[in-house]
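Q: One structure is given below, represented as C-alpha coordinates, and several questions about it will come after.
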Amino acid sequence: MQYLSVGGTISVGVSMGRAFVTAGATADVGSTLAQSQRRICVFGLNADQTALGDWNRLHIGAMAIWSPALWRQKLQSNRSLRRQIRRARHKGASLCEGPGDENQLAECQQEWLEGQGLPPLHFLGRAVDTDHLQGKFILRAEVSGQVVAFLVASKVPVRNAWVVEQIARIPSAPNGAVELLIHAAMIRFADLGVGEVSLGLAPLADCEEWSDDASPCVRWALRRAKAIGGTVYNFKGIEQFKRKLRPDRWEPVYAVANFKWSWRSLAELLRAFTGESWARTALRLIEQRLESPVGG
(Lines give C-alpha, C1' and ligand atoms only; values in the text may rest on other atoms or scores of the structure.)
Protein backbone atom coordinates (compact mmCIF):
# COMPACT_ATOMS: atom_id res chain seq x y z
CA MET A 1 0.00 0.00 0.00
CA GLN A 2 1.12 3.56 -0.71
CA TYR A 3 0.03 7.01 0.38
CA LEU A 4 -0.85 10.18 -1.52
CA SER A 5 -0.82 13.52 0.30
CA VAL A 6 -2.91 16.33 -1.20
CA GLY A 7 -3.53 19.51 0.76
CA GLY A 8 -2.69 17.79 4.03
CA THR A 9 -5.14 14.93 3.41
CA ILE A 10 -3.67 11.43 3.21
CA SER A 11 -5.24 8.82 0.94
CA VAL A 12 -4.24 5.16 0.99
CA GLY A 13 -3.98 3.23 -2.25
CA VAL A 14 -1.57 1.86 -4.80
CA SER A 15 0.36 3.47 -7.63
CA MET A 16 0.09 1.61 -10.91
CA GLY A 17 1.68 3.07 -13.99
CA ARG A 18 0.85 6.76 -14.02
CA ALA A 19 -2.32 6.31 -11.94
CA PHE A 20 -2.96 6.31 -8.21
CA VAL A 21 -5.84 3.99 -7.29
CA THR A 22 -7.69 4.37 -4.00
CA ALA A 23 -11.01 3.15 -2.61
CA GLY A 24 -14.27 4.56 -1.30
CA ALA A 25 -13.26 8.19 -0.78
CA THR A 26 -15.69 10.45 1.08
CA ALA A 27 -16.87 13.65 -0.55
CA ASP A 28 -14.25 15.70 1.33
CA VAL A 29 -11.41 13.39 0.37
CA GLY A 30 -12.72 13.18 -3.19
CA SER A 31 -12.72 16.95 -3.63
CA THR A 32 -9.21 17.04 -2.20
CA LEU A 33 -8.03 14.36 -4.62
CA ALA A 34 -9.52 16.40 -7.45
CA GLN A 35 -6.85 19.04 -6.73
CA SER A 36 -4.06 16.59 -7.43
CA GLN A 37 -2.09 16.81 -10.66
CA ARG A 38 -1.76 13.02 -10.76
CA ARG A 39 -3.99 10.58 -12.59
CA ILE A 40 -6.43 9.45 -9.88
CA CYS A 41 -8.93 6.61 -9.81
CA VAL A 42 -11.33 6.21 -6.88
CA PHE A 43 -12.89 2.76 -6.74
CA GLY A 44 -16.14 1.61 -5.12
CA LEU A 45 -18.39 4.69 -5.14
CA ASN A 46 -22.17 4.68 -5.34
CA ALA A 47 -24.19 7.05 -7.51
CA ASP A 48 -24.37 9.71 -4.75
CA GLN A 49 -20.58 9.83 -4.38
CA THR A 50 -19.54 10.26 -8.01
CA ALA A 51 -20.00 14.03 -8.32
CA LEU A 52 -16.32 14.95 -8.73
CA GLY A 53 -16.54 17.63 -11.39
CA ASP A 54 -15.77 16.30 -14.84
CA TRP A 55 -14.42 12.94 -13.60
CA ASN A 56 -15.41 9.92 -15.69
CA ARG A 57 -17.50 7.09 -14.26
CA LEU A 58 -17.04 3.41 -15.01
CA HIS A 59 -19.75 1.01 -13.86
CA ILE A 60 -17.88 -1.92 -12.29
CA GLY A 61 -20.67 -3.81 -10.53
CA ALA A 62 -23.57 -3.49 -8.13
CA MET A 63 -24.25 -3.73 -4.45
CA ALA A 64 -27.28 -5.56 -3.07
CA ILE A 65 -29.01 -3.73 -0.21
CA TRP A 66 -31.27 -5.19 2.47
CA SER A 67 -33.41 -3.49 5.12
CA PRO A 68 -32.89 -5.56 8.31
CA ALA A 69 -36.33 -4.52 9.56
CA LEU A 70 -37.89 -6.48 6.68
CA TRP A 71 -35.69 -9.56 7.03
CA ARG A 72 -38.00 -11.64 9.26
CA GLN A 73 -40.89 -11.09 6.85
CA LYS A 74 -38.65 -11.92 3.87
CA LEU A 75 -37.50 -15.13 5.55
CA GLN A 76 -41.06 -16.41 5.86
CA SER A 77 -41.47 -16.38 2.08
CA ASN A 78 -38.05 -17.89 1.30
CA ARG A 79 -38.34 -21.65 1.80
CA SER A 80 -34.89 -22.37 0.35
CA LEU A 81 -33.20 -20.03 2.82
CA ARG A 82 -35.09 -21.51 5.77
CA ARG A 83 -34.05 -24.99 4.68
CA GLN A 84 -30.38 -24.04 4.53
CA ILE A 85 -30.53 -22.50 8.00
CA ARG A 86 -32.13 -25.66 9.40
CA ARG A 87 -29.44 -27.81 7.77
CA ALA A 88 -26.66 -25.89 9.49
CA ARG A 89 -28.36 -26.07 12.87
CA HIS A 90 -29.11 -29.78 12.42
CA LYS A 91 -25.38 -30.39 11.81
CA GLY A 92 -24.55 -28.77 15.14
CA ALA A 93 -23.61 -25.26 14.03
CA SER A 94 -23.98 -22.69 16.81
CA LEU A 95 -23.38 -18.95 16.67
CA CYS A 96 -21.15 -16.74 18.80
CA GLU A 97 -20.68 -12.99 18.54
CA GLY A 98 -17.22 -11.45 18.72
CA PRO A 99 -13.78 -12.59 17.54
CA GLY A 100 -13.32 -15.30 20.16
CA ASP A 101 -10.05 -17.14 19.55
CA GLU A 102 -8.45 -15.05 16.79
CA ASN A 103 -6.09 -17.90 15.94
CA GLN A 104 -9.12 -19.98 15.00
CA LEU A 105 -10.41 -17.12 12.83
CA ALA A 106 -7.07 -16.86 11.07
CA GLU A 107 -6.93 -20.62 10.51
CA CYS A 108 -10.47 -20.65 9.12
CA GLN A 109 -9.66 -17.76 6.81
CA GLN A 110 -6.44 -19.38 5.60
CA GLU A 111 -8.19 -22.67 4.84
CA TRP A 112 -10.91 -20.76 3.00
CA LEU A 113 -8.39 -18.82 0.92
CA GLU A 114 -6.46 -21.95 0.04
CA GLY A 115 -9.66 -23.54 -1.18
CA GLN A 116 -10.45 -20.68 -3.55
CA GLY A 117 -7.62 -21.38 -5.99
CA LEU A 118 -7.66 -17.76 -7.16
CA PRO A 119 -4.89 -15.44 -8.32
CA PRO A 120 -4.03 -13.04 -5.48
CA LEU A 121 -6.08 -9.87 -5.13
CA HIS A 122 -4.14 -7.45 -2.98
CA PHE A 123 -5.50 -3.95 -2.45
CA LEU A 124 -9.35 -4.10 -2.43
CA GLY A 125 -9.60 -7.85 -2.70
CA ARG A 126 -7.35 -8.61 0.23
CA ALA A 127 -8.67 -10.69 3.11
CA VAL A 128 -9.78 -9.09 6.37
CA ASP A 129 -6.90 -8.68 8.82
CA THR A 130 -7.92 -10.98 11.66
CA ASP A 131 -5.39 -9.27 13.95
CA HIS A 132 -7.22 -5.92 13.72
CA LEU A 133 -10.94 -6.39 14.27
CA GLN A 134 -11.70 -3.59 16.72
CA GLY A 135 -14.92 -1.77 15.87
CA LYS A 136 -16.14 -4.49 13.55
CA PHE A 137 -19.14 -6.76 13.94
CA ILE A 138 -18.09 -10.41 14.01
CA LEU A 139 -20.16 -13.59 14.02
CA ARG A 140 -18.69 -17.06 14.26
CA ALA A 141 -20.31 -20.37 13.36
CA GLU A 142 -18.82 -23.16 15.47
CA VAL A 143 -19.18 -26.92 15.53
CA SER A 144 -17.92 -28.68 18.65
CA GLY A 145 -16.09 -25.51 19.69
CA GLN A 146 -14.23 -25.08 16.39
CA VAL A 147 -14.81 -22.13 14.04
CA VAL A 148 -16.10 -23.43 10.71
CA ALA A 149 -17.25 -20.09 9.27
CA PHE A 150 -17.31 -16.43 10.22
CA LEU A 151 -18.68 -13.08 9.10
CA VAL A 152 -17.07 -9.65 9.50
CA ALA A 153 -18.97 -6.39 8.95
CA SER A 154 -18.03 -2.72 9.26
CA LYS A 155 -20.11 0.38 9.86
CA VAL A 156 -20.52 2.68 6.87
CA PRO A 157 -19.51 6.26 7.77
CA VAL A 158 -22.30 8.86 7.74
CA ARG A 159 -25.06 6.38 6.76
CA ASN A 160 -26.99 4.19 9.22
CA ALA A 161 -25.65 1.14 7.43
CA TRP A 162 -23.23 -1.77 7.69
CA VAL A 163 -21.37 -3.65 4.97
CA VAL A 164 -20.28 -7.27 5.26
CA GLU A 165 -16.61 -7.26 4.34
CA GLN A 166 -16.01 -10.97 4.35
CA ILE A 167 -17.65 -14.34 4.90
CA ALA A 168 -15.23 -17.25 5.15
CA ARG A 169 -15.95 -20.95 5.62
CA ILE A 170 -13.82 -24.07 5.69
CA PRO A 171 -14.67 -26.84 3.18
CA SER A 172 -15.95 -29.11 5.95
CA ALA A 173 -18.41 -26.51 7.29
CA PRO A 174 -22.00 -27.79 7.26
CA ASN A 175 -24.26 -26.77 4.40
CA GLY A 176 -26.11 -23.61 5.28
CA ALA A 177 -23.41 -22.18 7.55
CA VAL A 178 -23.11 -19.04 5.42
CA GLU A 179 -26.88 -18.53 5.28
CA LEU A 180 -27.07 -19.03 9.05
CA LEU A 181 -24.46 -16.31 9.59
CA ILE A 182 -26.24 -13.87 7.27
CA HIS A 183 -29.61 -14.57 8.91
CA ALA A 184 -28.24 -13.99 12.41
CA ALA A 185 -26.46 -10.81 11.33
CA MET A 186 -29.64 -9.40 9.78
CA ILE A 187 -31.63 -10.15 12.95
CA ARG A 188 -28.96 -8.51 15.10
CA PHE A 189 -28.85 -5.42 12.89
CA ALA A 190 -32.65 -5.22 12.90
CA ASP A 191 -32.66 -5.26 16.69
CA LEU A 192 -30.04 -2.48 16.68
CA GLY A 193 -32.15 -0.31 14.38
CA VAL A 194 -29.69 -0.41 11.48
CA GLY A 195 -31.27 0.98 8.32
CA GLU A 196 -29.35 -0.86 5.61
CA VAL A 197 -27.02 -3.83 5.22
CA SER A 198 -24.99 -4.79 2.17
CA LEU A 199 -23.05 -7.96 1.44
CA GLY A 200 -20.53 -6.00 -0.58
CA LEU A 201 -19.84 -5.66 -4.28
CA ALA A 202 -21.06 -8.10 -6.91
CA PRO A 203 -18.33 -7.43 -9.49
CA LEU A 204 -19.46 -6.79 -13.07
CA ALA A 205 -23.10 -7.50 -12.14
CA ASP A 206 -25.52 -7.34 -15.08
CA CYS A 207 -27.17 -3.99 -14.58
CA GLU A 208 -27.24 -2.53 -18.07
CA GLU A 209 -29.68 0.25 -17.19
CA TRP A 210 -26.99 2.12 -15.26
CA SER A 211 -25.01 4.46 -17.46
CA ASP A 212 -21.39 5.47 -17.25
CA ASP A 213 -18.84 7.45 -19.26
CA ALA A 214 -17.02 4.50 -20.80
CA SER A 215 -16.79 3.95 -24.53
CA PRO A 216 -18.47 0.92 -26.16
CA CYS A 217 -15.08 -0.78 -26.56
CA VAL A 218 -14.33 -0.45 -22.84
CA ARG A 219 -17.73 -1.86 -21.91
CA TRP A 220 -17.12 -4.73 -24.35
CA ALA A 221 -13.78 -5.37 -22.62
CA LEU A 222 -15.51 -5.57 -19.23
CA ARG A 223 -18.06 -8.04 -20.57
CA ARG A 224 -15.25 -10.18 -21.94
CA ALA A 225 -13.41 -9.91 -18.61
CA LYS A 226 -16.51 -11.21 -16.85
CA ALA A 227 -16.85 -14.10 -19.29
CA ILE A 228 -13.19 -15.14 -19.11
CA GLY A 229 -12.30 -14.22 -15.53
CA GLY A 230 -15.63 -15.55 -14.29
CA THR A 231 -14.42 -19.11 -14.82
CA VAL A 232 -12.01 -18.51 -11.93
CA TYR A 233 -13.58 -15.76 -9.83
CA ASN A 234 -17.19 -16.92 -10.35
CA PHE A 235 -18.61 -13.40 -10.69
CA LYS A 236 -21.95 -14.79 -11.82
CA GLY A 237 -22.14 -17.12 -8.82
CA ILE A 238 -21.57 -14.22 -6.42
CA GLU A 239 -24.36 -12.25 -8.04
CA GLN A 240 -26.76 -15.21 -8.12
CA PHE A 241 -26.15 -16.03 -4.45
CA LYS A 242 -27.08 -12.50 -3.44
CA ARG A 243 -30.16 -12.54 -5.65
CA LYS A 244 -31.34 -15.73 -3.91
CA LEU A 245 -31.37 -13.76 -0.66
CA ARG A 246 -33.85 -11.35 -2.28
CA PRO A 247 -32.31 -7.92 -1.68
CA ASP A 248 -34.62 -4.95 -1.39
CA ARG A 249 -32.73 -3.09 -4.10
CA TRP A 250 -29.48 -2.90 -6.06
CA GLU A 251 -27.19 0.13 -6.24
CA PRO A 252 -24.66 0.66 -9.01
CA VAL A 253 -21.01 0.84 -7.98
CA TYR A 254 -18.49 2.89 -9.95
CA ALA A 255 -14.85 3.64 -10.38
CA VAL A 256 -14.34 7.33 -11.16
CA ALA A 257 -11.22 8.83 -12.67
CA ASN A 258 -9.86 12.18 -13.74
CA PHE A 259 -8.88 10.66 -17.09
CA LYS A 260 -10.76 8.93 -19.90
CA TRP A 261 -11.37 5.21 -19.62
CA SER A 262 -9.34 3.33 -22.18
CA TRP A 263 -7.67 -0.04 -22.69
CA ARG A 264 -4.59 1.32 -20.91
CA SER A 265 -6.50 2.65 -17.91
CA LEU A 266 -8.36 -0.66 -17.59
CA ALA A 267 -5.01 -2.43 -17.52
CA GLU A 268 -3.82 -0.08 -14.76
CA LEU A 269 -6.96 -0.76 -12.71
CA LEU A 270 -6.53 -4.51 -13.19
CA ARG A 271 -2.96 -4.27 -11.98
CA ALA A 272 -4.14 -2.48 -8.83
CA PHE A 273 -6.10 -5.60 -7.93
CA THR A 274 -3.70 -8.33 -9.00
CA GLY A 275 -0.33 -6.68 -8.36
CA GLU A 276 0.91 -7.88 -11.76
CA SER A 277 0.64 -7.00 -15.45
CA TRP A 278 -2.52 -7.78 -17.39
CA ALA A 279 -0.56 -10.27 -19.51
CA ARG A 280 0.58 -12.20 -16.45
CA THR A 281 -2.95 -12.16 -15.03
CA ALA A 282 -4.35 -13.46 -18.33
CA LEU A 283 -1.78 -16.26 -18.32
CA ARG A 284 -2.70 -17.23 -14.75
CA LEU A 285 -6.40 -17.29 -15.66
CA ILE A 286 -5.72 -19.51 -18.65
CA GLU A 287 -3.62 -21.87 -16.53
CA GLN A 288 -6.33 -21.99 -13.86
CA ARG A 289 -8.99 -22.69 -16.47
CA LEU A 290 -6.97 -25.52 -18.01
CA GLU A 291 -6.43 -27.08 -14.58
CA SER A 292 -10.16 -26.97 -13.74
CA PRO A 293 -12.11 -30.19 -14.34
CA VAL A 294 -14.19 -30.25 -17.50
CA GLY A 295 -17.69 -29.07 -16.69
CA GLY A 296 -16.56 -27.94 -13.22
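Identifiers in this document derive from the order of the C-alpha coordinates: chains are assigned A, B, ..., residues are numbered from 1 separately in each chain, and ligands are numbered from 1 in order of occurrence.
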Could you give me, as a PDB file with N, CA, C and O atoms, in the first residue's frame, the residues within 6 Å of range 198-207 of chain A, counting only C-alpha atoms and dropping anything in the same chain fewer than 6 positions from it?
A:
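Saved file part.pdb follows:
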```pdb
ATOM      1  N   ILE A  60     -18.673  -0.714 -12.481  1.00  0.00           N
ATOM      2  CA  ILE A  60     -17.878  -1.924 -12.289  1.00  0.00           C
ATOM      3  C   ILE A  60     -18.632  -3.011 -11.492  1.00  0.00           C
ATOM      4  O   ILE A  60     -18.044  -4.035 -11.143  1.00  0.00           O
ATOM      5  N   GLY A  61     -19.917  -2.789 -11.239  1.00  0.00           N
ATOM      6  CA  GLY A  61     -20.673  -3.813 -10.528  1.00  0.00           C
ATOM      7  C   GLY A  61     -21.855  -3.202  -9.811  1.00  0.00           C
ATOM      8  O   GLY A  61     -22.270  -2.076 -10.096  1.00  0.00           O
ATOM      9  N   ALA A  62     -22.401  -3.958  -8.878  1.00  0.00           N
ATOM     10  CA  ALA A  62     -23.568  -3.495  -8.132  1.00  0.00           C
ATOM     11  C   ALA A  62     -23.509  -4.035  -6.714  1.00  0.00           C
ATOM     12  O   ALA A  62     -22.850  -5.038  -6.434  1.00  0.00           O
ATOM     13  N   MET A  63     -24.202  -3.347  -5.848  1.00  0.00           N
ATOM     14  CA  MET A  63     -24.248  -3.725  -4.448  1.00  0.00           C
ATOM     15  C   MET A  63     -25.694  -3.999  -4.053  1.00  0.00           C
ATOM     16  O   MET A  63     -26.578  -3.171  -4.272  1.00  0.00           O
ATOM     17  N   ALA A  64     -25.939  -5.196  -3.528  1.00  0.00           N
ATOM     18  CA  ALA A  64     -27.279  -5.562  -3.069  1.00  0.00           C
ATOM     19  C   ALA A  64     -27.507  -4.987  -1.677  1.00  0.00           C
ATOM     20  O   ALA A  64     -26.632  -5.073  -0.816  1.00  0.00           O
ATOM     21  N   ILE A  65     -28.685  -4.404  -1.460  1.00  0.00           N
ATOM     22  CA  ILE A  65     -29.009  -3.725  -0.206  1.00  0.00           C
ATOM     23  C   ILE A  65     -30.242  -4.381   0.418  1.00  0.00           C
ATOM     24  O   ILE A  65     -31.247  -4.622  -0.258  1.00  0.00           O
ATOM     25  N   VAL A 163     -21.733  -2.846   6.137  1.00  0.00           N
ATOM     26  CA  VAL A 163     -21.375  -3.646   4.969  1.00  0.00           C
ATOM     27  C   VAL A 163     -20.606  -4.875   5.438  1.00  0.00           C
ATOM     28  O   VAL A 163     -19.702  -4.770   6.277  1.00  0.00           O
ATOM     29  N   VAL A 164     -20.992  -6.033   4.936  1.00  0.00           N
ATOM     30  CA  VAL A 164     -20.284  -7.274   5.256  1.00  0.00           C
ATOM     31  C   VAL A 164     -19.030  -7.333   4.405  1.00  0.00           C
ATOM     32  O   VAL A 164     -19.108  -7.417   3.176  1.00  0.00           O
ATOM     33  N   GLU A 239     -23.138 -13.006  -7.793  1.00  0.00           N
ATOM     34  CA  GLU A 239     -24.361 -12.246  -8.040  1.00  0.00           C
ATOM     35  C   GLU A 239     -25.595 -13.105  -7.790  1.00  0.00           C
ATOM     36  O   GLU A 239     -26.563 -12.661  -7.150  1.00  0.00           O
TER      37      GLU A 239
END
```
Q: Write out as a PyMOL selection string each polymer residue whose atoms come within 12 Å of Gly115 in chain A, counting only C-alpha atoms; drop sequence neighbours fewer than 5 positions from it.
A: chain A and resi 108-110+168-172
Q: Given the selection you just returned, output its residues as a file containing all heavy atoms, formatted as a PDB file, in the first residue's frame.
A:
```pdb
ATOM      1  N   CYS A 108      -9.291 -20.474   9.974  1.00  0.00           N
ATOM      2  CA  CYS A 108     -10.471 -20.646   9.120  1.00  0.00           C
ATOM      3  C   CYS A 108     -10.309 -19.841   7.842  1.00  0.00           C
ATOM      4  O   CYS A 108     -10.575 -20.340   6.735  1.00  0.00           O
ATOM      5  CB  CYS A 108     -11.722 -20.210   9.874  1.00  0.00           C
ATOM      6  SG  CYS A 108     -13.247 -20.263   8.915  1.00  0.00           S
ATOM      7  N   GLN A 109      -9.859 -18.606   7.976  1.00  0.00           N
ATOM      8  CA  GLN A 109      -9.664 -17.757   6.806  1.00  0.00           C
ATOM      9  C   GLN A 109      -8.618 -18.346   5.869  1.00  0.00           C
ATOM     10  O   GLN A 109      -8.807 -18.377   4.649  1.00  0.00           O
ATOM     11  CB  GLN A 109      -9.253 -16.349   7.230  1.00  0.00           C
ATOM     12  CG  GLN A 109      -9.065 -15.382   6.065  1.00  0.00           C
ATOM     13  CD  GLN A 109      -8.555 -14.050   6.533  1.00  0.00           C
ATOM     14  OE1 GLN A 109      -7.403 -13.910   6.934  1.00  0.00           O
ATOM     15  NE2 GLN A 109      -9.417 -13.045   6.502  1.00  0.00           N
ATOM     16  N   GLN A 110      -7.508 -18.827   6.429  1.00  0.00           N
ATOM     17  CA  GLN A 110      -6.443 -19.376   5.599  1.00  0.00           C
ATOM     18  C   GLN A 110      -6.920 -20.605   4.836  1.00  0.00           C
ATOM     19  O   GLN A 110      -6.626 -20.765   3.647  1.00  0.00           O
ATOM     20  CB  GLN A 110      -5.237 -19.735   6.471  1.00  0.00           C
ATOM     21  CG  GLN A 110      -4.031 -20.228   5.683  1.00  0.00           C
ATOM     22  CD  GLN A 110      -3.513 -19.201   4.693  1.00  0.00           C
ATOM     23  OE1 GLN A 110      -3.570 -17.990   4.949  1.00  0.00           O
ATOM     24  NE2 GLN A 110      -3.036 -19.669   3.552  1.00  0.00           N
ATOM     25  N   ALA A 168     -16.160 -16.159   5.438  1.00  0.00           N
ATOM     26  CA  ALA A 168     -15.229 -17.253   5.154  1.00  0.00           C
ATOM     27  C   ALA A 168     -15.759 -18.538   5.780  1.00  0.00           C
ATOM     28  O   ALA A 168     -16.365 -18.514   6.852  1.00  0.00           O
ATOM     29  CB  ALA A 168     -13.842 -16.933   5.709  1.00  0.00           C
ATOM     30  N   ARG A 169     -15.538 -19.653   5.095  1.00  0.00           N
ATOM     31  CA  ARG A 169     -15.946 -20.955   5.620  1.00  0.00           C
ATOM     32  C   ARG A 169     -14.930 -21.995   5.192  1.00  0.00           C
ATOM     33  O   ARG A 169     -14.332 -21.886   4.123  1.00  0.00           O
ATOM     34  CB  ARG A 169     -17.336 -21.354   5.113  1.00  0.00           C
ATOM     35  CG  ARG A 169     -17.392 -21.639   3.623  1.00  0.00           C
ATOM     36  CD  ARG A 169     -18.801 -21.924   3.134  1.00  0.00           C
ATOM     37  NE  ARG A 169     -19.381 -23.112   3.702  1.00  0.00           N
ATOM     38  CZ  ARG A 169     -19.193 -24.346   3.228  1.00  0.00           C
ATOM     39  NH1 ARG A 169     -18.404 -24.548   2.179  1.00  0.00           N
ATOM     40  NH2 ARG A 169     -19.786 -25.378   3.799  1.00  0.00           N
ATOM     41  N   ILE A 170     -14.708 -22.978   6.054  1.00  0.00           N
ATOM     42  CA  ILE A 170     -13.821 -24.070   5.686  1.00  0.00           C
ATOM     43  C   ILE A 170     -14.609 -25.084   4.863  1.00  0.00           C
ATOM     44  O   ILE A 170     -15.841 -25.144   4.953  1.00  0.00           O
ATOM     45  CB  ILE A 170     -13.186 -24.735   6.927  1.00  0.00           C
ATOM     46  CG1 ILE A 170     -14.275 -25.386   7.809  1.00  0.00           C
ATOM     47  CG2 ILE A 170     -12.391 -23.707   7.733  1.00  0.00           C
ATOM     48  CD1 ILE A 170     -13.708 -26.147   8.995  1.00  0.00           C
ATOM     49  N   PRO A 171     -13.939 -25.882   4.029  1.00  0.00           N
ATOM     50  CA  PRO A 171     -14.665 -26.839   3.178  1.00  0.00           C
ATOM     51  C   PRO A 171     -15.551 -27.808   3.946  1.00  0.00           C
ATOM     52  O   PRO A 171     -16.580 -28.246   3.434  1.00  0.00           O
ATOM     53  CB  PRO A 171     -13.531 -27.572   2.441  1.00  0.00           C
ATOM     54  CG  PRO A 171     -12.397 -26.587   2.423  1.00  0.00           C
ATOM     55  CD  PRO A 171     -12.500 -25.843   3.713  1.00  0.00           C
ATOM     56  N   SER A 172     -15.168 -28.140   5.169  1.00  0.00           N
ATOM     57  CA  SER A 172     -15.948 -29.108   5.947  1.00  0.00           C
ATOM     58  C   SER A 172     -17.094 -28.477   6.735  1.00  0.00           C
ATOM     59  O   SER A 172     -17.798 -29.169   7.468  1.00  0.00           O
ATOM     60  CB  SER A 172     -15.024 -29.850   6.917  1.00  0.00           C
ATOM     61  OG  SER A 172     -14.396 -28.946   7.822  1.00  0.00           O
TER      62      SER A 172
END
```
Q: Name the closest residue to Ala47 in chain A among the candidates A:Val256, A:Leu266, A:Cys96, A:Ala173; distances are taken between atoms, counting only C-alpha atoms.
A: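 That would be A:Val256, the residue with the smallest distance to Ala47 in chain A.
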Q: So which residues of range 55-173 of chain A fall under helix (DSSP H, G or I) by DSSP, listed as JSON, numbers by chain?
A: {"A": [68, 69, 70, 71, 72, 73, 74, 75, 76, 79, 80, 81, 82, 83, 84, 85, 86, 87, 88, 89, 90, 102, 103, 104, 105, 106, 107, 108, 109, 110, 111, 112, 113, 114, 115, 116, 123, 124, 125]}
Q: As a ChimeraX atom specification, please: every residue in range 90-275 of chain A that a backbone DSSP assignment puts in strand (DSSP E).
A: /A:94-97,137-143,146-156,161-169,196-203,249-257
Q: Determine, using only C-alpha atoms, which residues of range 234-271 of chain A have any atom at most 12 Å from an atom of range 178-190 of chain A, and tabulate each with its shortest atom pair and distance in Å to one decimal place, rows ordered by chain and then rising number, as CSV.
A:
```
residue,atom,partner,partner_atom,distance
A:Phe241,CA,A:Glu179,CA,10.1
A:Lys242,CA,A:Glu179,CA,10.6
A:Lys244,CA,A:Glu179,CA,10.6
A:Leu245,CA,A:Glu179,CA,8.8
A:Pro247,CA,A:Met186,CA,11.9
```
Q: Any chance you can output those residues with N, CA and C atoms as a tab-separated table (two decimals), in the first residue's frame?
A:
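Saved file part_31.tsv follows:
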```
chain	number	residue	atom	x	y	z
A	241	PHE	N	-25.96	-15.75	-5.88
A	241	PHE	CA	-26.15	-16.03	-4.45
A	241	PHE	C	-26.86	-14.87	-3.76
A	242	LYS	N	-26.46	-13.66	-4.07
A	242	LYS	CA	-27.08	-12.50	-3.44
A	242	LYS	C	-28.52	-12.33	-3.91
A	244	LYS	N	-30.54	-14.74	-4.61
A	244	LYS	CA	-31.34	-15.73	-3.91
A	244	LYS	C	-31.78	-15.26	-2.53
A	245	LEU	N	-31.01	-14.32	-1.96
A	245	LEU	CA	-31.37	-13.76	-0.66
A	245	LEU	C	-32.36	-12.60	-0.78
A	247	PRO	N	-32.58	-9.28	-2.18
A	247	PRO	CA	-32.31	-7.92	-1.68
A	247	PRO	C	-33.46	-6.98	-1.98
```
Q: Nearest to Leu113 in chain A: which of A:Asp213, A:Arg39, A:Pro99, A:Ile167 is it, counting only C-alpha atoms?
A: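 Checking each of A:Asp213, A:Arg39, A:Pro99, A:Ile167 against Leu113 in chain A, counting only C-alpha atoms, the winner is A:Ile167.
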Q: With a distance cut-off of 7 Å and only C-alpha atoms, select the neighbouring residues of Leu95 in chain A, excluding the residue or stretch itself and same-chain residues fewer than 6 positions from it, and output the selection as a ChimeraX atom specification.
A: /A:139-142
Q: May I have the residues from that selection written out with all heavy atoms, as a JSON list (two decimals), in the first residue's frame?
A:
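Printed below is selection_6.json as written:
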```json
[["chain", "number", "residue", "atom", "x", "y", "z"],
["A", 139, "LEU", "N", -19.38, -12.41, 13.65],
["A", 139, "LEU", "CA", -20.16, -13.59, 14.02],
["A", 139, "LEU", "C", -19.38, -14.83, 13.63],
["A", 139, "LEU", "O", -18.82, -14.90, 12.53],
["A", 139, "LEU", "CB", -21.51, -13.59, 13.30],
["A", 139, "LEU", "CG", -22.71, -12.91, 13.96],
["A", 139, "LEU", "CD1", -23.92, -13.03, 13.06],
["A", 139, "LEU", "CD2", -23.00, -13.51, 15.33],
["A", 140, "ARG", "N", -19.37, -15.81, 14.54],
["A", 140, "ARG", "CA", -18.69, -17.06, 14.26],
["A", 140, "ARG", "C", -19.70, -18.20, 14.27],
["A", 140, "ARG", "O", -20.60, -18.23, 15.12],
["A", 140, "ARG", "CB", -17.62, -17.36, 15.32],
["A", 140, "ARG", "CG", -16.75, -16.19, 15.65],
["A", 140, "ARG", "CD", -15.63, -16.53, 16.62],
["A", 140, "ARG", "NE", -16.01, -17.30, 17.79],
["A", 140, "ARG", "CZ", -16.52, -16.79, 18.91],
["A", 140, "ARG", "NH1", -16.73, -15.48, 19.00],
["A", 140, "ARG", "NH2", -16.81, -17.56, 19.94],
["A", 141, "ALA", "N", -19.56, -19.12, 13.33],
["A", 141, "ALA", "CA", -20.31, -20.37, 13.36],
["A", 141, "ALA", "C", -19.34, -21.44, 13.82],
["A", 141, "ALA", "O", -18.27, -21.62, 13.23],
["A", 141, "ALA", "CB", -20.86, -20.71, 11.98],
["A", 142, "GLU", "N", -19.70, -22.15, 14.89],
["A", 142, "GLU", "CA", -18.82, -23.16, 15.47],
["A", 142, "GLU", "C", -19.52, -24.51, 15.51],
["A", 142, "GLU", "O", -20.73, -24.59, 15.69],
["A", 142, "GLU", "CB", -18.38, -22.76, 16.88],
["A", 142, "GLU", "CG", -17.58, -21.47, 16.93],
["A", 142, "GLU", "CD", -17.05, -21.16, 18.33],
["A", 142, "GLU", "OE1", -17.44, -21.90, 19.27],
["A", 142, "GLU", "OE2", -16.28, -20.20, 18.48]]
```
Q: Mind giving me the straight-line distance from CA of Asp101 in chain A to CA of Leu192 in chain A in Å, one decimal?
A: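 It comes out at 25.0 Å.
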Q: With only C-alpha atoms as the atoms that count, which of A:Arg89, A:Asp212, A:Arg223, A:Phe235 lies nearest to Tyr254 in chain A?
A: A:Asp212
